[in-house]
Structures are given as structure tokens and as C-alpha cells.
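**Student:** If it helps, the file is called start_8.pdb and holds PDB, C-alpha atoms:
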ATOM      1  CA  MET A   1     -85.184 137.622 -86.406  1.00  0.00           C
ATOM      2  CA  CYS A   2     -82.128 138.984 -88.144  1.00  0.00           C
ATOM      3  CA  PRO A   3     -79.430 136.552 -89.339  1.00  0.00           C
ATOM      4  CA  SER A   4     -77.295 137.747 -86.428  1.00  0.00           C
ATOM      5  CA  GLY A   5     -79.817 136.244 -84.010  1.00  0.00           C
ATOM      6  CA  ARG A   6     -81.214 139.620 -82.952  1.00  0.00           C
ATOM      7  CA  ILE A   7     -84.891 140.427 -83.081  1.00  0.00           C
ATOM      8  CA  ALA A   8     -85.626 143.202 -85.552  1.00  0.00           C
ATOM      9  CA  ILE A   9     -87.480 146.235 -84.206  1.00  0.00           C
ATOM     10  CA  PRO A  10     -89.132 148.431 -86.848  1.00  0.00           C
ATOM     11  CA  ILE A  11     -88.003 152.050 -86.941  1.00  0.00           C
ATOM     12  CA  THR A  12     -90.694 154.664 -86.415  1.00  0.00           C
ATOM     13  CA  THR A  13     -90.419 158.409 -86.448  1.00  0.00           C
ATOM     14  CA  THR A  14     -90.499 158.388 -82.638  1.00  0.00           C
ATOM     15  CA  THR A  15     -87.692 155.842 -82.321  1.00  0.00           C
ATOM     16  CA  THR A  16     -84.629 157.280 -80.607  1.00  0.00           C
ATOM     17  CA  THR A  17     -81.373 157.741 -82.462  1.00  0.00           C
ATOM     18  CA  ALA A  18     -79.711 155.063 -80.332  1.00  0.00           C
ATOM     19  CA  ALA A  19     -82.391 152.495 -81.166  1.00  0.00           C
ATOM     20  CA  LYS A  20     -82.277 153.422 -84.852  1.00  0.00           C
ATOM     21  CA  ASN A  21     -78.502 153.047 -84.976  1.00  0.00           C
ATOM     22  CA  SER A  22     -78.637 149.501 -83.608  1.00  0.00           C
ATOM     23  CA  ASP A  23     -80.359 148.489 -86.844  1.00  0.00           C
ATOM     24  CA  PHE A  24     -77.100 149.023 -88.741  1.00  0.00           C
ATOM     25  CA  ARG A  25     -75.454 145.996 -87.072  1.00  0.00           C
ATOM     26  CA  PRO A  26     -77.054 143.316 -89.328  1.00  0.00           C
ATOM     27  CA  ALA A  27     -75.904 145.127 -92.476  1.00  0.00           C
ATOM     28  CA  PHE A  28     -72.404 145.447 -91.025  1.00  0.00           C
ATOM     29  CA  GLU A  29     -72.339 141.733 -90.174  1.00  0.00           C
ATOM     30  CA  ILE A  30     -73.388 140.757 -93.706  1.00  0.00           C
ATOM     31  CA  ILE A  31     -70.572 142.800 -95.266  1.00  0.00           C
ATOM     32  CA  ASP A  32     -68.005 141.622 -92.662  1.00  0.00           C
ATOM     33  CA  ALA A  33     -67.649 138.244 -94.380  1.00  0.00           C
ATOM     34  CA  ASP A  34     -64.721 136.989 -92.299  1.00  0.00           C
ATOM     35  CA  ARG A  35     -66.496 137.991 -89.050  1.00  0.00           C
ATOM     36  CA  ASP A  36     -63.456 139.790 -87.602  1.00  0.00           C
ATOM     37  CA  GLY A  37     -65.416 142.864 -86.515  1.00  0.00           C
ATOM     38  CA  LYS A  38     -64.181 145.136 -89.295  1.00  0.00           C
ATOM     39  CA  ILE A  39     -64.834 145.543 -93.006  1.00  0.00           C
ATOM     40  CA  SER A  40     -61.766 145.054 -95.183  1.00  0.00           C
ATOM     41  CA  SER A  41     -61.215 145.465 -98.902  1.00  0.00           C
ATOM     42  CA  GLU A  42     -61.560 141.674 -99.189  1.00  0.00           C
ATOM     43  CA  ASP A  43     -64.949 141.797 -97.438  1.00  0.00           C
ATOM     44  CA  LEU A  44     -66.159 144.450 -99.892  1.00  0.00           C
ATOM     45  CA  ARG A  45     -64.847 142.434-102.857  1.00  0.00           C
ATOM     46  CA  ALA A  46     -66.849 139.428-101.633  1.00  0.00           C
ATOM     47  CA  PHE A  47     -69.951 141.574-101.066  1.00  0.00           C
ATOM     48  CA  TYR A  48     -69.838 143.163-104.516  1.00  0.00           C
ATOM     49  CA  ALA A  49     -68.753 140.018-106.384  1.00  0.00           C
ATOM     50  CA  GLY A  50     -72.258 139.386-107.694  1.00  0.00           C
ATOM     51  CA  ILE A  51     -72.794 142.934-108.970  1.00  0.00           C
ATOM     52  CA  SER A  52     -69.818 143.954-111.065  1.00  0.00           C
ATOM     53  CA  ARG A  53     -66.549 142.642-112.399  1.00  0.00           C
ATOM     54  CA  SER A  54     -65.014 145.694-114.014  1.00  0.00           C
ATOM     55  CA  SER A  55     -61.539 147.139-113.766  1.00  0.00           C
ATOM     56  CA  SER A  56     -62.930 150.069-111.773  1.00  0.00           C
ATOM     57  CA  ASP A  57     -64.003 147.784-108.899  1.00  0.00           C
ATOM     58  CA  GLU A  58     -60.678 148.138-107.079  1.00  0.00           C
ATOM     59  CA  THR A  59     -60.883 151.918-107.290  1.00  0.00           C
ATOM     60  CA  MET A  60     -64.465 151.884-106.017  1.00  0.00           C
ATOM     61  CA  ILE A  61     -63.570 149.578-103.099  1.00  0.00           C
ATOM     62  CA  GLY A  62     -60.534 151.683-102.181  1.00  0.00           C
ATOM     63  CA  THR A  63     -62.644 154.829-102.254  1.00  0.00           C
ATOM     64  CA  MET A  64     -65.340 153.264-100.079  1.00  0.00           C
ATOM     65  CA  ILE A  65     -62.775 152.216 -97.478  1.00  0.00           C
ATOM     66  CA  SER A  66     -61.024 155.601 -97.470  1.00  0.00           C
ATOM     67  CA  VAL A  67     -64.283 157.545 -97.105  1.00  0.00           C
ATOM     68  CA  ALA A  68     -65.426 155.524 -94.079  1.00  0.00           C
ATOM     69  CA  ASP A  69     -62.051 154.763 -92.467  1.00  0.00           C
ATOM     70  CA  ALA A  70     -61.824 157.670 -89.998  1.00  0.00           C
ATOM     71  CA  ASN A  71     -58.827 156.278 -88.074  1.00  0.00           C
ATOM     72  CA  LYS A  72     -56.978 155.415 -91.320  1.00  0.00           C
ATOM     73  CA  ASP A  73     -56.101 151.842 -90.286  1.00  0.00           C
ATOM     74  CA  GLY A  74     -57.259 150.391 -93.616  1.00  0.00           C
ATOM     75  CA  PHE A  75     -60.461 148.886 -92.191  1.00  0.00           C
ATOM     76  CA  VAL A  76     -63.985 150.076 -91.424  1.00  0.00           C
ATOM     77  CA  GLU A  77     -64.969 149.263 -87.854  1.00  0.00           C
ATOM     78  CA  PHE A  78     -68.621 149.296 -86.800  1.00  0.00           C
ATOM     79  CA  ASP A  79     -68.498 152.808 -85.318  1.00  0.00           C
ATOM     80  CA  GLU A  80     -67.099 154.143 -88.615  1.00  0.00           C
ATOM     81  CA  PHE A  81     -69.694 152.203 -90.611  1.00  0.00           C
ATOM     82  CA  GLU A  82     -72.436 153.547 -88.346  1.00  0.00           C
ATOM     83  CA  ARG A  83     -71.155 157.126 -88.700  1.00  0.00           C
ATOM     84  CA  VAL A  84     -71.333 156.924 -92.496  1.00  0.00           C
ATOM     85  CA  LEU A  85     -74.876 155.559 -92.395  1.00  0.00           C
ATOM     86  CA  GLU A  86     -75.972 158.138 -89.812  1.00  0.00           C
ATOM     87  CA  GLU A  87     -74.877 160.881 -92.178  1.00  0.00           C
ATOM     88  CA  ALA A  88     -77.224 159.534 -94.794  1.00  0.00           C
ATOM     89  CA  THR A  89     -80.749 160.842 -94.560  1.00  0.00           C
ATOM     90  CA  ALA A  90     -83.525 158.512 -93.400  1.00  0.00           C
ATOM     91  CA  PRO A  91     -85.271 158.616 -96.814  1.00  0.00           C
ATOM     92  CA  LEU A  92     -82.031 157.546 -98.529  1.00  0.00           C
ATOM     93  CA  TYR A  93     -81.691 154.587 -96.164  1.00  0.00           C
ATOM     94  CA  ARG A  94     -85.283 153.498 -96.850  1.00  0.00           C
ATOM     95  CA  SER A  95     -85.218 154.264-100.560  1.00  0.00           C
ATOM     96  CA  ASP A  96     -84.456 151.959-103.449  1.00  0.00           C
ATOM     97  CA  ASP A  97     -80.905 153.362-103.469  1.00  0.00           C
ATOM     98  CA  GLY A  98     -77.986 152.767-101.182  1.00  0.00           C
ATOM     99  CA  LEU A  99     -76.617 149.913 -99.183  1.00  0.00           C
ATOM    100  CA  MET A 100     -79.801 147.898 -98.760  1.00  0.00           C
ATOM    101  CA  LYS A 101     -80.608 148.038-102.482  1.00  0.00           C
ATOM    102  CA  ASP A 102     -77.050 146.911-103.263  1.00  0.00           C
ATOM    103  CA  MET A 103     -77.450 144.029-100.822  1.00  0.00           C
ATOM    104  CA  PHE A 104     -80.757 143.062-102.452  1.00  0.00           C
ATOM    105  CA  THR A 105     -79.164 143.127-105.925  1.00  0.00           C
ATOM    106  CA  VAL A 106     -76.307 140.897-104.766  1.00  0.00           C
ATOM    107  CA  MET A 107     -78.699 138.438-103.153  1.00  0.00           C
ATOM    108  CA  ASP A 108     -81.101 138.295-106.140  1.00  0.00           C
ATOM    109  CA  LYS A 109     -79.055 135.826-108.206  1.00  0.00           C
ATOM    110  CA  ASP A 110     -81.546 135.480-111.076  1.00  0.00           C
ATOM    111  CA  GLY A 111     -82.367 139.201-111.215  1.00  0.00           C
ATOM    112  CA  ASP A 112     -86.135 138.695-111.041  1.00  0.00           C
ATOM    113  CA  GLY A 113     -86.664 141.322-108.338  1.00  0.00           C
ATOM    114  CA  ARG A 114     -87.558 138.697-105.709  1.00  0.00           C
ATOM    115  CA  LEU A 115     -85.396 136.776-103.260  1.00  0.00           C
ATOM    116  CA  SER A 116     -86.229 133.105-103.418  1.00  0.00           C
ATOM    117  CA  TYR A 117     -85.482 130.567-100.709  1.00  0.00           C
ATOM    118  CA  GLY A 118     -82.408 129.590-102.748  1.00  0.00           C
ATOM    119  CA  ASP A 119     -81.251 133.211-103.095  1.00  0.00           C
ATOM    120  CA  LEU A 120     -81.466 133.779 -99.345  1.00  0.00           C
ATOM    121  CA  LYS A 121     -79.824 130.474 -98.434  1.00  0.00           C
ATOM    122  CA  SER A 122     -77.033 130.924-100.993  1.00  0.00           C
ATOM    123  CA  TYR A 123     -76.217 134.457 -99.870  1.00  0.00           C
ATOM    124  CA  MET A 124     -76.297 133.650 -96.159  1.00  0.00           C
ATOM    125  CA  ASP A 125     -73.990 130.672 -96.757  1.00  0.00           C
ATOM    126  CA  SER A 126     -71.583 132.739 -98.879  1.00  0.00           C
ATOM    127  CA  ALA A 127     -71.563 135.478 -96.212  1.00  0.00           C
ATOM    128  CA  GLY A 128     -70.548 132.868 -93.648  1.00  0.00           C
ATOM    129  CA  LEU A 129     -73.800 133.078 -91.701  1.00  0.00           C
ATOM    130  CA  ALA A 130     -74.885 129.718 -90.333  1.00  0.00           C
ATOM    131  CA  VAL A 131     -78.608 129.510 -91.015  1.00  0.00           C
ATOM    132  CA  THR A 132     -80.919 126.519 -91.013  1.00  0.00           C
ATOM    133  CA  ASP A 133     -83.739 125.811 -93.434  1.00  0.00           C
ATOM    134  CA  ASP A 134     -86.148 126.907 -90.685  1.00  0.00           C
ATOM    135  CA  ASP A 135     -84.249 130.209 -90.317  1.00  0.00           C
ATOM    136  CA  ILE A 136     -84.666 130.914 -94.040  1.00  0.00           C
ATOM    137  CA  LYS A 137     -88.367 130.014 -93.921  1.00  0.00           C
ATOM    138  CA  ALA A 138     -88.817 132.305 -90.888  1.00  0.00           C
ATOM    139  CA  MET A 139     -87.098 135.172 -92.755  1.00  0.00           C
ATOM    140  CA  ILE A 140     -89.442 134.687 -95.697  1.00  0.00           C
ATOM    141  CA  ARG A 141     -92.496 134.705 -93.403  1.00  0.00           C
ATOM    142  CA  LEU A 142     -91.232 137.796 -91.536  1.00  0.00           C
ATOM    143  CA  ALA A 143     -90.802 139.550 -94.879  1.00  0.00           C
ATOM    144  CA  GLY A 144     -94.396 138.820 -95.855  1.00  0.00           C
ATOM    145  CA  GLY A 145     -93.336 136.439 -98.626  1.00  0.00           C
ATOM    146  CA  ASP A 146     -93.863 132.777 -99.229  1.00  0.00           C
ATOM    147  CA  LEU A 147     -91.816 129.870-100.550  1.00  0.00           C
ATOM    148  CA  ASN A 148     -93.344 130.230-104.037  1.00  0.00           C
ATOM    149  CA  ASP A 149     -93.009 133.977-104.587  1.00  0.00           C
ATOM    150  CA  GLY A 150     -90.025 134.806-102.391  1.00  0.00           C
ATOM    151  CA  VAL A 151     -89.271 138.191-100.837  1.00  0.00           C
ATOM    152  CA  SER A 152     -89.466 141.690-102.326  1.00  0.00           C
ATOM    153  CA  PHE A 153     -87.041 144.542-101.594  1.00  0.00           C
ATOM    154  CA  ASP A 154     -89.496 145.903 -99.007  1.00  0.00           C
ATOM    155  CA  GLY A 155     -89.563 142.423 -97.482  1.00  0.00           C
ATOM    156  CA  LEU A 156     -85.776 142.432 -97.151  1.00  0.00           C
ATOM    157  CA  LEU A 157     -86.062 145.739 -95.290  1.00  0.00           C
ATOM    158  CA  LYS A 158     -88.507 144.039 -92.899  1.00  0.00           C
ATOM    159  CA  ILE A 159     -86.068 141.171 -92.315  1.00  0.00           C
ATOM    160  CA  PHE A 160     -83.379 143.639 -91.262  1.00  0.00           C
ATOM    161  CA  GLY A 161     -85.719 145.847 -89.257  1.00  0.00           C
ATOM    162  CA  CYS A 162     -85.421 148.832 -91.563  1.00  0.00           C
TER     163      CYS A 162
END
Translate the structure of the given file into C-alpha cells.

**Tutor:**
Amino acid sequence: MCPSGRIAIPITTTTTTAAKNSDFRPAFEIIDADRDGKISSEDLRAFYAGISRSSSDETMIGTMISVADANKDGFVEFDEFERVLEEATAPLYRSDDGLMKDMFTVMDKDGDGRLSYGDLKSYMDSAGLAVTDDDIKAMIRLAGGDLNDGVSFDGLLKIFGC
């Protein structure tokens, strides 16, 4: 089950576009830290806080918003977020690059290439997602990991139904 409470459905090559697109919602909800239904510059700052702290961050965040913000209201609503991800090729979405890899890097606090129970719990709490200890354990099991070894990048993709 995804942190949003939805059940993840793996994408196959025969999955329809509509079903595939629904898998973008959990990623959107993780980035939308204040849960207002749109991604703001503040949401992106919070998301990228664990990755970089350079002077170019503000430029990068502004560029990301302007590229996705089709209606030019200063925010990225889900339909705009979905459009940007749809334009990406399926291999890019599943590869070690892109949004999911960035999310993994942010979540992996100690940089060991695995998400521990603590990494998952810490990130979900900081993203404002109310999860119980049992929820975290279920995510780890769904990802094919265990409490000792944690979750790999491929496991994170399983958690989010990618």
C-alpha cells in the first residue's frame, strides 16, 4: 500500500495510459508537503533539503516550477505534474535517474544505498504523512526488504507501484 492509502498496482506493458498515470499520485503527494493539492516553491525546497544546499537551489526550484506550471499561477497542480511525467519516456521513469531516484536520495539519510526503517519513518514524518510503525514495516515487506537490510531503490519503486 502506498503512503497515500492506495494499493499499488504494478505497471506492465499492457497497462492502459490511464492506469499508468494514476501511479504518479503518490509521488505528487510526497512532494506536496503542505497537502494543499499543489506543489509550491516551498514544497520543492522541503523535498530537496536533504540533497543540496547551494546558491543555485533557488534558480533550480524556480526553473522546475516554471517548466511545469502550464497555467502560470506559480504552483504545479497534479494535472501539470502528470503532464510533465507523461512526457518522460517509460525507461526514464524506471531508470536510476529522475524523480524517483531523487526521492530515494533524499530518503537515504546515511547514503548507504538502502532505506532503513528509520529512513522511511523519518522521511514520511517530514513529508507530513501520518504512518504507523506497522505501515513502515508493511512498506519494507512490500519492497522485498527486511528490518535489518532495509529497502533498495528497486524496492522503493515497488512501494510506489512503479

**Student:** Which residues are close to segment 133-139 of chain A, i.e. within 10 Å by all atoms listed in the file, leaving aside same-chain residues fewer than 3 positions away? Reply as a ChimeraX atom specification.

**Tutor:** /A:1-3,5,116-121,124,130,142-147,150-151,155-156,158-160

**Student:** Choose the residue, out of A:Gly111, A:Ala27, A:Leu129, A:Ser152, that has the smallest atom-to-atom separation from Phe78 of chain A; count all atoms listed in the file.

**Tutor:** A:Ala27

**Student:** Selected by the PyMOL selection byres ((chain A and resi 59-75) around 9) in the shown coordinates: which residues, as a ChimeraX atom specification?

**Tutor:** /A:38-41,44-45,55-58,76-77,80-81,83-84

**Student:** How far is it from atom CA of Asp149 of chain A to atom CA of Leu115 of chain A, in Å with one decimal?

**Tutor:**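 It comes out at 8.2 Å.
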
**Student:** Would you mind telling me which residue in A:Asp43, A:Asp79, A:Val131, A:Glu86 lies nearest to Ile30 of chain A when using all atoms listed in the file?

**Tutor:**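 Closest to Ile30 of chain A, using all atoms listed in the file: A:Asp43.
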
**Student:** Go ahead and compute the interatomic distance for atom CA of Ala33 of chain A and atom CA of Ala127 of chain A, in Å to one decimal.

**Tutor:**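 Interatomic distance here is 5.1 Å.
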
**Student:** What does the structure give for the distance between atom CA of Glu42 of chain A and atom CA of Met107 of chain A, in Å to one decimal?

**Tutor:**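 These atoms are spaced 17.9 Å apart.
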
**Student:** Using only C-alpha atoms for the distances, tell me which of A:Arg25, A:Asp36, A:Asp154, A:Phe47 is nearest to Met103 of chain A.

**Tutor:**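 The answer is A:Phe47, which sits nearest to Met103 of chain A.
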